[in-house]
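*Asks:* What follows is a structure written as structure tokens; I'll ask about it next.
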Amino acid sequence: MTAEPYERPYDLITMGRLGVDLYPLQSGVELARVETFGKFLGGSPANVAVAAARLGRSVALVSRTGADPFGEYLHRELRAFGVDDRWVTEVTDHPTPITFCEIFPPDHFPIHFYRRPKAPDLEIHPHELDLPALRAARALWVTGTGLSAEPSRTATLGALRERAAAAGPGALTVLDLDWRPALWDGTADEARPLYREALRHATVAVGNVDECEVATGEREPHAAARALLAAGVRLAVVKQGPKGVLALSADGTAAEVPPLPVEVVNGLGAGDAFGGALAHGLLAGWDLERVLRYANAAGAIVAGRLACSPAMPYDEEIARALDAGSGSIPVSPPDNG
């Protein structure tokens with residue numbers, strides 16, 4: 001995937017899932033009865049890219065869309081959010097995927113993926129990757145969904161190996177475990193060896209307890225974090241829902257912080273806001289507890305809003321939430337993207 005030359009390495013390149021989210025504009029109504037929807041850019045790596053861009057990072061996305069109006073929409077949205085779309089290309093054989101959700105706050109948000117027969121973002125081919133850009137980026141973010149099918153599986157593992165070989169042990173290479181069983185043809189047991197291989201080449205792993213169990217066989221948060229470290233990463237971040245977030249580092253550093261209270265509107269996208277803020281804090285060299293508190297606040301803010309990508313907070317909003325001790329804050333007017 002080649003494009004015009006870029007002036008300097010990106011702070012962050014994310015890779016993988018991209019699509020259109022259609023969210024009900026009516027809360028607490030089953031999908032069959034919803035009459036109006038809002039259309040938003042979606043897909044976890046795309047949302048993480050938007051979240052990091054909102055925080056001032058230079059960001060690019062590696063993904064694919066269908067050759068259709070929804071694909072055109074996603075390009076337009078990525079650019080508006082300040083995400084470089086040079087490596088987002090068209091696939092003529094598969095339509096741009098659509099995702100519907102149902103909104104039943106505070107904790108019930110069923111997701112319905114329309115990614116059949118195959119999503120374009122699983123058609124990322126190894127030979128199309130811009131390896132010099134992947135090597136040079138300050139951080140790379142890939143997801144477990146990228147391991148679910150070929151050729152994306154080989155491309156994702158290849159990108160991880162390339163980073164490990166060229167960027168050295170200090171490189172920030174994040175594997176978001178992102179276990180979505182509906183997007184895999186195989187079982188969790190069949191997926192585990194692929195996660196194990198990916199973890200060998202990543203430096204950071206991020207996931208909730210369900211995802212950690214798929215990747216490592218361990219569900220208890222501390223045991224799961226230790227298993228992720230044993231698999232090869234330098235930092236394990238385990239999201240525990242209402243119990244907060246736990247992080248363990250290979251150097252023995254540990255931090256555990258509670259969630260920020262919020263009146264939940266839509267829980268989807270909160271994890272992606274957390275991810276973009278996590279990458280931002282790690283790139284800034286903050287101490288682990290500060291990074292987790294900042295990322296938690298970003299996630300809480302998005303949980304208090306309807307959409308995912310347009311809900312991603314700016315730095316000043318996160319600062320206000322931390323000062324207020326709550327993620328329920330007014331939306332700041334956009335000043336970029």
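In the structure tokens, chains take letters A, B, ... by order of appearance, with residues numbered from 1 within each chain and ligands from 1 in the order shown.
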Please return, as an NGL selection string, all residues of region 16-54 of chain A that DSSP assigns to strand (DSSP E) on the basis of the backbone.
*Replies:* :A and (19-24 or 37-42)
*Asks:* Pull N, CA and C atoms from the residues just selected and write them as a CSV table (one decimal), in the first residue's frame.
*Replies:*
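Generated file (part-v1.csv):
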```
chain,number,residue,atom,x,y,z
A,19,GLY,N,-15.4,0.2,9.6
A,19,GLY,CA,-16.7,0.0,9.0
A,19,GLY,C,-17.6,1.2,9.4
A,20,VAL,N,-18.9,1.0,9.1
A,20,VAL,CA,-19.8,2.0,9.5
A,20,VAL,C,-20.7,1.5,10.6
A,21,ASP,N,-20.8,2.3,11.7
A,21,ASP,CA,-21.7,2.0,12.8
A,21,ASP,C,-23.0,2.7,12.6
A,22,LEU,N,-24.1,2.0,12.7
A,22,LEU,CA,-25.4,2.6,12.7
A,22,LEU,C,-26.0,2.4,14.0
A,23,TYR,N,-26.1,3.5,14.8
A,23,TYR,CA,-26.5,3.5,16.2
A,23,TYR,C,-28.0,4.0,16.3
A,24,PRO,N,-28.8,3.3,17.0
A,24,PRO,CA,-30.2,3.8,17.2
A,24,PRO,C,-30.2,5.2,17.9
A,37,PHE,N,-31.6,6.1,12.9
A,37,PHE,CA,-30.3,5.7,13.3
A,37,PHE,C,-29.3,6.9,12.9
A,38,GLY,N,-28.2,6.9,13.6
A,38,GLY,CA,-27.1,7.8,13.3
A,38,GLY,C,-26.0,7.0,12.6
A,39,LYS,N,-25.3,7.6,11.7
A,39,LYS,CA,-24.3,6.9,10.9
A,39,LYS,C,-22.9,7.5,11.4
A,40,PHE,N,-22.0,6.6,11.8
A,40,PHE,CA,-20.7,7.0,12.3
A,40,PHE,C,-19.6,6.1,11.8
A,41,LEU,N,-18.4,6.6,11.7
A,41,LEU,CA,-17.2,5.8,11.5
A,41,LEU,C,-17.0,4.9,12.7
A,42,GLY,N,-16.7,3.6,12.4
A,42,GLY,CA,-16.5,2.6,13.4
A,42,GLY,C,-15.4,1.6,13.1
```
*Asks:* For the structure I just gave you, how does DSSP split region 1-158 of chain A - specifically, which residues are helix (DSSP H, G or I)? Reply as a PyMOL selection string.
*Replies:* chain A and resi 31-33+44-54+69-80+120-122+126-128+131-136+144-147+152-158
*Asks:* Find, counting only C-alpha atoms, the residue in A:Glu317, A:Asp272, A:Asp189, A:Glu263 that gets nearest to Val206 (chain A).
*Replies:*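 Under the stated criterion, the closest residue is A:Asp272.
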*Asks:* At a cut-off of 12 Å, using only C-alpha atoms, what residues contact Gly327 (chain A)? Leave out same-chain residues fewer than 2 positions from it and give the result as a PyMOL selection string.
*Replies:* chain A and resi 259-265+270+293-305+313+317-325+329-331
*Asks:* Select, from A:Arg116, A:His94, A:Arg226, A:Arg196, the residue with the minimum atom-to-atom distance to Ala250 (chain A), counting only C-alpha atoms.
*Replies:*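 Of all the options, A:Arg226 lies closest to Ala250 (chain A).
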*Asks:* If we count only C-alpha atoms and set the cut-off at 8 Å, which residues sit around Trp141 (chain A), ignoring sequence neighbours fewer than 2 positions away in its own chain? Please answer as number ranges by chain.
*Replies:* A: 12-15, 45, 139, 143, 173-176
*Asks:* When you look at region 62-69 of chain A with a cut-off of 7 Å (counting only C-alpha atoms), what residues show up, excluding the ones that are within fewer than 3 positions of it in the same chain? I need them as a PyMOL selection string.
*Replies:* chain A and resi 14-18+72-73+87-92+94-96+120-121+124
*Asks:* Select from region 139-175 of chain A every residue with an atom at most 8 Å from any atom of region 127-135 of chain A, then for each give the shortest pair of atoms and their distance in Å to one decimal, using only C-alpha atoms, rows by chain and rising number, as JSON lines.
*Replies:*
```
{"residue": "A:Leu140", "atom": "CA", "partner": "A:Leu134", "partner_atom": "CA", "distance": 7.0}
{"residue": "A:Ala155", "atom": "CA", "partner": "A:Leu129", "partner_atom": "CA", "distance": 7.6}
{"residue": "A:Ala159", "atom": "CA", "partner": "A:Leu134", "partner_atom": "CA", "distance": 7.1}
{"residue": "A:Glu162", "atom": "CA", "partner": "A:Arg135", "partner_atom": "CA", "distance": 6.8}
{"residue": "A:Arg163", "atom": "CA", "partner": "A:Arg135", "partner_atom": "CA", "distance": 5.4}
{"residue": "A:Ala166", "atom": "CA", "partner": "A:Arg135", "partner_atom": "CA", "distance": 6.2}
{"residue": "A:Ala167", "atom": "CA", "partner": "A:Arg135", "partner_atom": "CA", "distance": 6.0}
```
